[in-house]
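**Student:** Got a structure for you, target.pdb, holding PDB, C-alpha atoms, pLDDT in the B column.
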```
ATOM      1  CA  MET A   1     110.938  65.487  73.190  1.00 49.00           C
ATOM      2  CA  LYS A   2     113.638  63.298  74.745  1.00 49.00           C
ATOM      3  CA  LYS A   3     115.245  66.450  76.014  1.00 50.00           C
ATOM      4  CA  HIS A   4     112.034  67.458  77.786  1.00 49.00           C
ATOM      5  CA  LEU A   5     111.668  63.980  79.262  1.00 46.00           C
ATOM      6  CA  VAL A   6     115.217  64.067  80.640  1.00 44.00           C
ATOM      7  CA  VAL A   7     114.520  67.477  82.218  1.00 43.00           C
ATOM      8  CA  LEU A   8     111.279  66.198  83.806  1.00 46.00           C
ATOM      9  CA  ILE A   9     113.016  63.107  85.216  1.00 52.00           C
ATOM     10  CA  GLY A  10     115.760  65.361  86.571  1.00 50.00           C
ATOM     11  CA  PHE A  11     113.188  67.556  88.329  1.00 45.00           C
ATOM     12  CA  ALA A  12     111.459  64.454  89.742  1.00 47.00           C
ATOM     13  CA  VAL A  13     114.730  63.125  91.194  1.00 44.00           C
ATOM     14  CA  LEU A  14     115.650  66.525  92.593  1.00 44.00           C
ATOM     15  CA  PHE A  15     112.158  66.981  94.087  1.00 46.00           C
ATOM     16  CA  SER A  16     112.194  63.573  95.827  1.00 49.00           C
ATOM     17  CA  ALA A  17     115.666  64.297  97.241  1.00 47.00           C
ATOM     18  CA  CYS A  18     114.540  67.695  98.538  1.00 46.00           C
ATOM     19  CA  LYS A  19     111.340  66.181  99.908  1.00 48.00           C
ATOM     20  CA  GLY A  20     113.396  63.652 101.881  1.00 49.00           C
ATOM     21  CA  LYS A  21     115.555  66.442 103.282  1.00 46.00           C
ATOM     22  CA  ILE A  22     112.470  68.489 104.179  1.00 43.00           C
ATOM     23  CA  GLU A  23     110.867  65.483 105.919  1.00 48.00           C
ATOM     24  CA  ARG A  24     114.104  64.766 107.753  1.00 49.00           C
ATOM     25  CA  SER A  25     114.306  68.404 108.781  1.00 49.00           C
ATOM     26  CA  LYS A  26     110.728  68.292 110.061  1.00 50.00           C
ATOM     27  CA  ALA A  27     111.482  65.094 111.981  1.00 50.00           C
ATOM     28  CA  GLU A  28     114.642  66.618 113.446  1.00 53.00           C
ATOM     29  CA  ILE A  29     112.764  69.798 114.411  1.00 42.00           C
ATOM     30  CA  LYS A  30     109.998  67.722 116.005  1.00 47.00           C
ATOM     31  CA  GLN A  31     112.599  65.722 117.946  1.00 51.00           C
ATOM     32  CA  GLU A  32     114.337  68.934 119.081  1.00 47.00           C
ATOM     33  CA  LYS A  33     111.012  70.411 120.164  1.00 43.00           C
ATOM     34  CA  GLN A  34     110.213  67.285 122.160  1.00 45.00           C
ATOM     35  CA  GLU A  35     113.614  67.409 123.799  1.00 44.00           C
ATOM     36  CA  ASP A  36     113.264  71.128 124.563  1.00 42.00           C
ATOM     37  CA  SER A  37     109.762  70.554 125.872  1.00 37.00           C
ATOM     38  CA  PHE A  38     111.038  67.756 128.066  1.00 35.00           C
ATOM     39  CA  ASN A  39     113.838  69.938 129.397  1.00 36.00           C
ATOM     40  CA  VAL A  40     111.482  72.832 130.113  1.00 30.00           C
ATOM     41  CA  GLU A  41     109.107  70.543 131.964  1.00 37.00           C
ATOM     42  CA  LYS A  42     112.016  69.133 133.886  1.00 36.00           C
ATOM     43  CA  ARG A  43     113.283  72.585 134.769  1.00 33.00           C
ATOM     44  CA  CYS A  44     109.837  73.772 135.802  1.00 34.00           C
ATOM     45  CA  ALA A  45     108.834  70.622 137.676  1.00 36.00           C
ATOM     46  CA  PRO A  46     107.438  71.388 141.125  1.00 38.00           C
ATOM     47  CA  THR A  47     109.956  70.930 143.898  1.00 36.00           C
ATOM     48  CA  SER A  48     109.152  69.611 147.321  1.00 38.00           C
ATOM     49  CA  VAL A  49     108.805  72.172 150.106  1.00 38.00           C
ATOM     50  CA  SER A  50     111.318  71.827 152.890  1.00 40.00           C
ATOM     51  CA  SER A  51     110.062  71.017 156.368  1.00 39.00           C
ATOM     52  CA  LYS A  52     111.185  74.468 157.526  1.00 43.00           C
ATOM     53  CA  GLU A  53     108.976  76.150 154.889  1.00 41.00           C
ATOM     54  CA  GLU A  54     106.032  73.900 155.763  1.00 38.00           C
ATOM     55  CA  LYS A  55     106.258  75.031 159.365  1.00 44.00           C
ATOM     56  CA  THR A  56     106.046  78.693 158.313  1.00 42.00           C
ATOM     57  CA  THR A  57     102.308  79.192 158.289  1.00 44.00           C
ATOM     58  CA  LYS A  58     100.105  82.221 158.518  1.00 58.00           C
ATOM     59  CA  LYS A  59      99.695  83.614 161.999  1.00 67.00           C
ATOM     60  CA  ILE A  60      96.365  82.787 163.631  1.00 89.00           C
ATOM     61  CA  TRP A  61      95.190  85.890 165.459  1.00 93.00           C
ATOM     62  CA  GLY A  62      91.974  86.582 167.339  1.00 93.00           C
ATOM     63  CA  ASN A  63      89.662  89.590 167.503  1.00 95.00           C
ATOM     64  CA  ALA A  64      92.044  92.108 169.103  1.00 97.00           C
ATOM     65  CA  PRO A  65      92.781  94.843 166.542  1.00 96.00           C
ATOM     66  CA  ASP A  66      96.300  94.255 165.294  1.00 97.00           C
ATOM     67  CA  PHE A  67      98.693  97.166 164.822  1.00 97.00           C
ATOM     68  CA  THR A  68     102.268  98.112 164.089  1.00 97.00           C
ATOM     69  CA  LEU A  69     103.463 101.196 165.955  1.00 96.00           C
ATOM     70  CA  VAL A  70     106.760 102.964 166.527  1.00 94.00           C
ATOM     71  CA  LYS A  71     108.499 101.765 169.651  1.00 95.00           C
ATOM     72  CA  ILE A  72     110.143 104.212 172.050  1.00 93.00           C
ATOM     73  CA  GLY A  73     113.870 103.690 171.685  1.00 90.00           C
ATOM     74  CA  GLY A  74     113.606 102.711 168.012  1.00 92.00           C
ATOM     75  CA  GLY A  75     112.046 100.156 165.721  1.00 95.00           C
ATOM     76  CA  ASN A  76     108.455  99.024 165.334  1.00 97.00           C
ATOM     77  CA  LEU A  77     106.240  96.722 167.341  1.00 98.00           C
ATOM     78  CA  THR A  78     103.526  94.516 165.825  1.00 97.00           C
ATOM     79  CA  LEU A  79     100.973  93.277 168.344  1.00 97.00           C
ATOM     80  CA  SER A  80     100.303  89.916 166.660  1.00 97.00           C
ATOM     81  CA  ASP A  81     104.002  89.017 166.911  1.00 97.00           C
ATOM     82  CA  TYR A  82     103.212  88.147 170.540  1.00 97.00           C
ATOM     83  CA  VAL A  83     100.650  85.459 169.751  1.00 95.00           C
ATOM     84  CA  GLY A  84     101.181  82.642 172.253  1.00 94.00           C
ATOM     85  CA  LYS A  85     101.673  85.029 175.185  1.00 96.00           C
ATOM     86  CA  LEU A  86      99.142  86.736 177.392  1.00 97.00           C
ATOM     87  CA  ILE A  87      99.207  90.436 176.512  1.00 98.00           C
ATOM     88  CA  ILE A  88      98.422  93.350 178.774  1.00 98.00           C
ATOM     89  CA  LEU A  89      97.848  96.429 176.638  1.00 98.00           C
ATOM     90  CA  ASP A  90      98.094  99.539 178.804  1.00 98.00           C
ATOM     91  CA  PHE A  91      96.912 102.897 177.439  1.00 98.00           C
ATOM     92  CA  TRP A  92      98.584 105.602 179.523  1.00 97.00           C
ATOM     93  CA  ALA A  93     100.371 108.978 179.499  1.00 97.00           C
ATOM     94  CA  THR A  94     103.249 110.525 181.455  1.00 96.00           C
ATOM     95  CA  TRP A  95     101.007 113.370 182.709  1.00 95.00           C
ATOM     96  CA  CYS A  96      98.456 110.909 184.187  1.00 96.00           C
ATOM     97  CA  ALA A  97      99.135 110.324 187.923  1.00 97.00           C
ATOM     98  CA  PRO A  98      97.160 107.009 188.177  1.00 97.00           C
ATOM     99  CA  CYS A  99      99.018 105.740 185.071  1.00 97.00           C
ATOM    100  CA  ARG A 100     102.357 106.541 186.659  1.00 97.00           C
ATOM    101  CA  ALA A 101     101.264 104.781 189.869  1.00 97.00           C
ATOM    102  CA  GLU A 102     100.558 101.537 187.948  1.00 98.00           C
ATOM    103  CA  ILE A 103     103.931 101.384 186.207  1.00 98.00           C
ATOM    104  CA  PRO A 104     105.807  99.800 189.161  1.00 98.00           C
ATOM    105  CA  HIS A 105     103.124  97.049 189.234  1.00 98.00           C
ATOM    106  CA  PHE A 106     103.683  96.326 185.552  1.00 98.00           C
ATOM    107  CA  ILE A 107     107.467  96.291 185.992  1.00 98.00           C
ATOM    108  CA  GLU A 108     107.173  93.705 188.759  1.00 98.00           C
ATOM    109  CA  LEU A 109     104.630  91.582 186.874  1.00 98.00           C
ATOM    110  CA  GLN A 110     106.744  91.625 183.706  1.00 97.00           C
ATOM    111  CA  ASN A 111     109.716  90.355 185.713  1.00 97.00           C
ATOM    112  CA  LYS A 112     107.684  87.667 187.435  1.00 96.00           C
ATOM    113  CA  TYR A 113     105.823  86.324 184.377  1.00 96.00           C
ATOM    114  CA  LYS A 114     108.273  87.225 181.583  1.00 93.00           C
ATOM    115  CA  ASP A 115     108.081  83.799 179.913  1.00 93.00           C
ATOM    116  CA  GLU A 116     104.288  83.798 179.541  1.00 93.00           C
ATOM    117  CA  LEU A 117     103.370  87.495 179.586  1.00 97.00           C
ATOM    118  CA  ILE A 118     104.148  90.645 177.629  1.00 98.00           C
ATOM    119  CA  ILE A 119     103.047  94.047 178.821  1.00 98.00           C
ATOM    120  CA  ILE A 120     102.867  96.692 176.107  1.00 98.00           C
ATOM    121  CA  GLY A 121     102.392 100.323 177.023  1.00 98.00           C
ATOM    122  CA  VAL A 122     100.608 102.551 174.508  1.00 98.00           C
ATOM    123  CA  CYS A 123     101.699 106.080 175.354  1.00 97.00           C
ATOM    124  CA  LEU A 124      99.161 108.786 174.504  1.00 96.00           C
ATOM    125  CA  ASP A 125     101.480 111.730 175.132  1.00 94.00           C
ATOM    126  CA  GLU A 126     101.453 114.362 172.428  1.00 89.00           C
ATOM    127  CA  GLY A 127     104.788 115.909 171.632  1.00 79.00           C
ATOM    128  CA  ASN A 128     108.379 114.806 171.768  1.00 81.00           C
ATOM    129  CA  PRO A 129     108.967 111.031 172.186  1.00 86.00           C
ATOM    130  CA  ALA A 130     112.398 111.888 173.636  1.00 88.00           C
ATOM    131  CA  ASN A 131     110.621 113.219 176.761  1.00 91.00           C
ATOM    132  CA  VAL A 132     108.761 109.907 177.088  1.00 94.00           C
ATOM    133  CA  GLU A 133     112.018 107.990 176.655  1.00 94.00           C
ATOM    134  CA  GLU A 134     113.621 110.024 179.433  1.00 94.00           C
ATOM    135  CA  PHE A 135     110.644 109.287 181.683  1.00 95.00           C
ATOM    136  CA  LEU A 136     110.856 105.528 180.952  1.00 96.00           C
ATOM    137  CA  GLU A 137     114.581 105.454 181.747  1.00 96.00           C
ATOM    138  CA  LYS A 138     113.925 107.217 185.029  1.00 96.00           C
ATOM    139  CA  MET A 139     111.191 104.679 185.912  1.00 96.00           C
ATOM    140  CA  GLN A 140     113.354 101.767 184.637  1.00 97.00           C
ATOM    141  CA  VAL A 141     110.493 100.375 182.576  1.00 97.00           C
ATOM    142  CA  ASN A 142     111.304  96.821 181.402  1.00 97.00           C
ATOM    143  CA  TYR A 143     108.539  96.310 178.829  1.00 98.00           C
ATOM    144  CA  PRO A 144     107.998  97.849 175.379  1.00 98.00           C
ATOM    145  CA  ILE A 145     106.278 101.205 174.988  1.00 97.00           C
ATOM    146  CA  VAL A 146     104.830 102.403 171.679  1.00 97.00           C
ATOM    147  CA  MET A 147     103.561 105.819 170.699  1.00 95.00           C
ATOM    148  CA  GLY A 148      99.795 105.683 170.327  1.00 95.00           C
ATOM    149  CA  ASN A 149      97.567 107.776 168.091  1.00 93.00           C
ATOM    150  CA  ARG A 150      93.899 108.524 167.480  1.00 92.00           C
ATOM    151  CA  GLU A 151      93.562 105.612 165.053  1.00 94.00           C
ATOM    152  CA  ILE A 152      94.665 103.024 167.597  1.00 95.00           C
ATOM    153  CA  THR A 153      92.400 104.421 170.328  1.00 95.00           C
ATOM    154  CA  GLN A 154      89.459 104.261 167.889  1.00 94.00           C
ATOM    155  CA  LYS A 155      90.287 100.669 166.965  1.00 95.00           C
ATOM    156  CA  TYR A 156      89.981  99.777 170.639  1.00 95.00           C
ATOM    157  CA  GLY A 157      86.554 101.322 170.983  1.00 90.00           C
ATOM    158  CA  GLY A 158      87.611 104.869 171.756  1.00 90.00           C
ATOM    159  CA  ILE A 159      89.716 105.215 174.897  1.00 91.00           C
ATOM    160  CA  ARG A 160      87.776 107.694 177.032  1.00 88.00           C
ATOM    161  CA  GLY A 161      89.815 107.533 180.214  1.00 93.00           C
ATOM    162  CA  ILE A 162      93.303 106.477 181.202  1.00 97.00           C
ATOM    163  CA  PRO A 163      94.721 104.258 182.398  1.00 97.00           C
ATOM    164  CA  THR A 164      92.783 101.743 180.308  1.00 97.00           C
ATOM    165  CA  THR A 165      94.131  98.211 180.461  1.00 98.00           C
ATOM    166  CA  ILE A 166      93.107  95.521 177.984  1.00 97.00           C
ATOM    167  CA  PHE A 167      93.807  91.820 178.493  1.00 98.00           C
ATOM    168  CA  ILE A 168      94.415  89.828 175.308  1.00 97.00           C
ATOM    169  CA  ASP A 169      94.660  86.046 175.595  1.00 96.00           C
ATOM    170  CA  LYS A 170      97.330  83.838 174.009  1.00 95.00           C
ATOM    171  CA  LYS A 171      95.253  83.444 170.827  1.00 95.00           C
ATOM    172  CA  GLY A 172      94.889  87.188 170.288  1.00 97.00           C
ATOM    173  CA  ASN A 173      91.358  87.616 171.654  1.00 97.00           C
ATOM    174  CA  MET A 174      90.339  90.539 173.850  1.00 97.00           C
ATOM    175  CA  VAL A 175      89.040  89.083 177.106  1.00 96.00           C
ATOM    176  CA  GLU A 176      88.634  92.075 179.422  1.00 96.00           C
ATOM    177  CA  THR A 177      89.012  95.845 179.586  1.00 96.00           C
ATOM    178  CA  ILE A 178      89.426  97.714 182.861  1.00 96.00           C
ATOM    179  CA  VAL A 179      89.551 101.470 183.334  1.00 96.00           C
ATOM    180  CA  GLY A 180      91.250 103.395 186.119  1.00 96.00           C
ATOM    181  CA  TYR A 181      93.940 102.615 188.658  1.00 97.00           C
ATOM    182  CA  HIS A 182      94.185  99.039 190.006  1.00 97.00           C
ATOM    183  CA  GLU A 183      96.407  97.397 192.573  1.00 97.00           C
ATOM    184  CA  MET A 184      98.992  94.851 191.518  1.00 95.00           C
ATOM    185  CA  GLU A 185      96.972  92.004 193.102  1.00 96.00           C
ATOM    186  CA  ASP A 186      94.058  92.794 190.750  1.00 96.00           C
ATOM    187  CA  PHE A 187      96.312  92.502 187.712  1.00 97.00           C
ATOM    188  CA  GLU A 188      97.964  89.338 189.004  1.00 96.00           C
ATOM    189  CA  SER A 189      94.653  87.561 189.577  1.00 95.00           C
ATOM    190  CA  LYS A 190      93.611  88.360 186.009  1.00 95.00           C
ATOM    191  CA  ILE A 191      96.990  87.182 184.691  1.00 95.00           C
ATOM    192  CA  LYS A 192      96.432  83.844 186.428  1.00 93.00           C
ATOM    193  CA  GLN A 193      92.852  83.671 185.164  1.00 92.00           C
ATOM    194  CA  TYR A 194      93.518  84.480 181.507  1.00 92.00           C
ATOM    195  CA  GLY A 195      97.016  83.068 181.226  1.00 82.00           C
ATOM    196  CA  LYS A 196      96.001  79.755 182.838  1.00 72.00           C
ATOM    197  CA  PHE A 197      99.195  79.599 184.846  1.00 56.00           C
ATOM    198  CA  ASN A 198     100.104  80.097 188.502  1.00 47.00           C
TER     199      ASN A 198
END
```
Spit out the file's structure as structure tokens when you get a sec.
**Tutor:**
Amino acid sequence: MKKHLVVLIGFAVLFSACKGKIERSKAEIKQEKQEDSFNVEKRCAPTSVSSKEEKTTKKIWGNAPDFTLVKIGGGNLTLSDYVGKLIILDFWATWCAPCRAEIPHFIELQNKYKDELIIIGVCLDEGNPANVEEFLEKMQVNYPIVMGNREITQKYGGIRGIPTTIFIDKKGNMVETIVGYHEMEDFESKIKQYGKFN
């Protein structure tokens, strides 16, 4: 009987010692979890955005259909990259005599208003772009030319005759479309009207 009592007391002492260790272990684990949680929160805390990143905002663009097309001479051109400038979008082709007659006007206007204006030629030639590039070098064209396609002509309402010239204001809104050959004075008056500069 005494033997059994001694064994029971021994188990009771052992159990209380183990219980203390288990409780300490739980407390230590809880503390570690809190510390880990704190560290994770610290690591994942939101950081302030630099002033440079704040200034990078989404482009505001008007109703003119935006596009990215292959530029003659290499690279791509995205229309909305020119937000803030008056844009003259000229649909033309090398085989079109009135189109060719307008090119010197556009060269002169691009030189004169280069800080506020960008002229973009959309070439509707079918075939080898190298032939177009040769033509542009010969004419000494000083503004970007992209290769057009059926999709872009449809986006702009279906170009039925060339030259077709579209004026897009500084906010990216189409303001006027004119078809056929025009003198340089006609273009310049519209530049002054839509660009709001003299």
**Student:** Would you mind listing what lies within 10 Å of A:Ala101 as a PDB file with C-alpha atoms, keeping the file's coordinate frame, with all atoms listed in the file counted and same-chain residues fewer than 6 positions away left out?
**Tutor:**
```pdb
ATOM      1  CA  PRO A 163      94.721 104.258 182.398  1.00 97.00           C
ATOM      2  CA  TYR A 181      93.940 102.615 188.658  1.00 97.00           C
ATOM      3  CA  HIS A 182      94.185  99.039 190.006  1.00 97.00           C
ATOM      4  CA  GLU A 183      96.407  97.397 192.573  1.00 97.00           C
TER       5      GLU A 183
END
```
**Student:** Quick one: everything within 9 Å of A:Thr153, counting only C-alpha atoms, minus sequence neighbours fewer than 6 positions away in the same chain. Send it as an MDAnalysis selection string.
**Tutor:** chainID A and resid 91 159:160
**Student:** Separation of atom CA of A:Thr165 and atom CA of A:Gly73, in Å?
**Tutor:**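 For atom CA of A:Thr165 relative to atom CA of A:Gly73, the distance reads 22.3 Å.
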**Student:** Given the PyMOL selection byres ((chain A and resi 187) around 12) and the file above, list the residues it selects as a ChimeraX atom specification.
**Tutor:** /A:87-90,102-103,105-110,113,117,119,165-167,176-178,181-186,188-195
**Student:** Measuring atom to atom with only C-alpha atoms, identify which of A:Asn111, A:Ile145, A:Gln154, A:Val175 is nearest to A:Val70.
**Tutor:** A:Ile145
**Student:** By how many Å are atom CA of A:Tyr82 and atom CA of A:Gly161 apart?
**Tutor:**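 Interatomic distance here is 25.5 Å.
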**Student:** Figure out the distance between atom CA of A:Glu151 and atom CA of A:Ile60, please, to one decimal in Å.
**Tutor:**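 So the two atoms, atom CA of A:Ile60 and atom CA of A:Glu151, lie 23.0 Å apart.
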**Student:** Expand the PyMOL selection byres ((chain A and resi 83) around 10) into the individual residues it matches in the shown file, reporting them as a ChimeraX atom specification.
**Tutor:** /A:59-62,79-82,84-87,168-173
**Student:** Would you mind completing stretch 132-163 of chain A so that it carries N, CA and C atoms, and writing it out as a short mmCIF file (atom, residue, chain, number, x, y, z; two decimals), keeping the file's coordinate frame?
**Tutor:**
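Full text of part28.cif as output:
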```cif
data_model
loop_
_atom_site.label_atom_id
_atom_site.label_comp_id
_atom_site.auth_asym_id
_atom_site.auth_seq_id
_atom_site.Cartn_x
_atom_site.Cartn_y
_atom_site.Cartn_z
N VAL A 132 109.32 111.18 176.60
CA VAL A 132 108.76 109.91 177.09
C VAL A 132 109.90 108.94 177.38
N GLU A 133 110.88 108.89 176.47
CA GLU A 133 112.02 107.99 176.66
C GLU A 133 112.78 108.32 177.94
N GLU A 134 112.94 109.59 178.19
CA GLU A 134 113.62 110.02 179.43
C GLU A 134 112.84 109.58 180.66
N PHE A 135 111.51 109.71 180.59
CA PHE A 135 110.64 109.29 181.68
C PHE A 135 110.77 107.78 181.92
N LEU A 136 110.78 106.99 180.85
CA LEU A 136 110.86 105.53 180.95
C LEU A 136 112.19 105.08 181.56
N GLU A 137 113.26 105.77 181.18
CA GLU A 137 114.58 105.45 181.75
C GLU A 137 114.60 105.74 183.24
N LYS A 138 114.00 106.84 183.61
CA LYS A 138 113.92 107.22 185.03
C LYS A 138 113.13 106.18 185.83
N MET A 139 112.05 105.67 185.24
CA MET A 139 111.19 104.68 185.91
C MET A 139 111.74 103.25 185.78
N GLN A 140 112.75 103.08 184.93
CA GLN A 140 113.35 101.77 184.64
C GLN A 140 112.31 100.76 184.13
N VAL A 141 111.54 101.21 183.17
CA VAL A 141 110.49 100.38 182.58
C VAL A 141 111.15 99.25 181.77
N ASN A 142 110.70 98.02 182.00
CA ASN A 142 111.30 96.82 181.40
C ASN A 142 110.42 96.15 180.35
N TYR A 143 109.43 96.85 179.86
CA TYR A 143 108.54 96.31 178.83
C TYR A 143 108.40 97.35 177.71
N PRO A 144 108.03 96.92 176.51
CA PRO A 144 108.00 97.85 175.38
C PRO A 144 106.89 98.89 175.49
N ILE A 145 107.23 100.09 175.04
CA ILE A 145 106.28 101.20 174.99
C ILE A 145 106.23 101.69 173.55
N VAL A 146 105.02 101.86 173.03
CA VAL A 146 104.83 102.40 171.68
C VAL A 146 104.10 103.73 171.78
N MET A 147 104.28 104.55 170.76
CA MET A 147 103.56 105.82 170.70
C MET A 147 102.20 105.59 170.06
N GLY A 148 101.16 105.87 170.82
CA GLY A 148 99.80 105.68 170.33
C GLY A 148 99.34 106.86 169.48
N ASN A 149 98.16 106.71 168.90
CA ASN A 149 97.57 107.78 168.09
C ASN A 149 96.05 107.61 168.12
N ARG A 150 95.37 108.55 167.48
CA ARG A 150 93.90 108.52 167.48
C ARG A 150 93.36 107.25 166.82
N GLU A 151 94.02 106.80 165.77
CA GLU A 151 93.56 105.61 165.05
C GLU A 151 93.54 104.38 165.96
N ILE A 152 94.60 104.21 166.74
CA ILE A 152 94.66 103.02 167.60
C ILE A 152 93.64 103.11 168.74
N THR A 153 93.42 104.30 169.27
CA THR A 153 92.40 104.42 170.33
C THR A 153 91.00 104.14 169.78
N GLN A 154 90.76 104.54 168.52
CA GLN A 154 89.46 104.26 167.89
C GLN A 154 89.28 102.77 167.63
N LYS A 155 90.36 102.11 167.21
CA LYS A 155 90.29 100.67 166.96
C LYS A 155 89.89 99.91 168.23
N TYR A 156 90.30 100.43 169.36
CA TYR A 156 89.98 99.78 170.64
C TYR A 156 88.75 100.40 171.31
N GLY A 157 87.85 100.87 170.49
CA GLY A 157 86.55 101.32 170.98
C GLY A 157 86.51 102.74 171.48
N GLY A 158 87.58 103.48 171.28
CA GLY A 158 87.61 104.87 171.76
C GLY A 158 87.99 104.89 173.22
N ILE A 159 89.23 105.18 173.50
CA ILE A 159 89.72 105.22 174.90
C ILE A 159 89.27 106.54 175.50
N ARG A 160 88.35 106.47 176.47
CA ARG A 160 87.78 107.69 177.03
C ARG A 160 88.45 108.12 178.33
N GLY A 161 89.12 107.20 178.97
CA GLY A 161 89.82 107.53 180.21
C GLY A 161 91.07 106.69 180.33
N ILE A 162 92.08 107.25 180.99
CA ILE A 162 93.30 106.48 181.20
C ILE A 162 93.64 106.49 182.68
N PRO A 163 94.28 105.43 183.16
CA PRO A 163 94.72 104.26 182.40
C PRO A 163 93.55 103.36 181.98
#
```
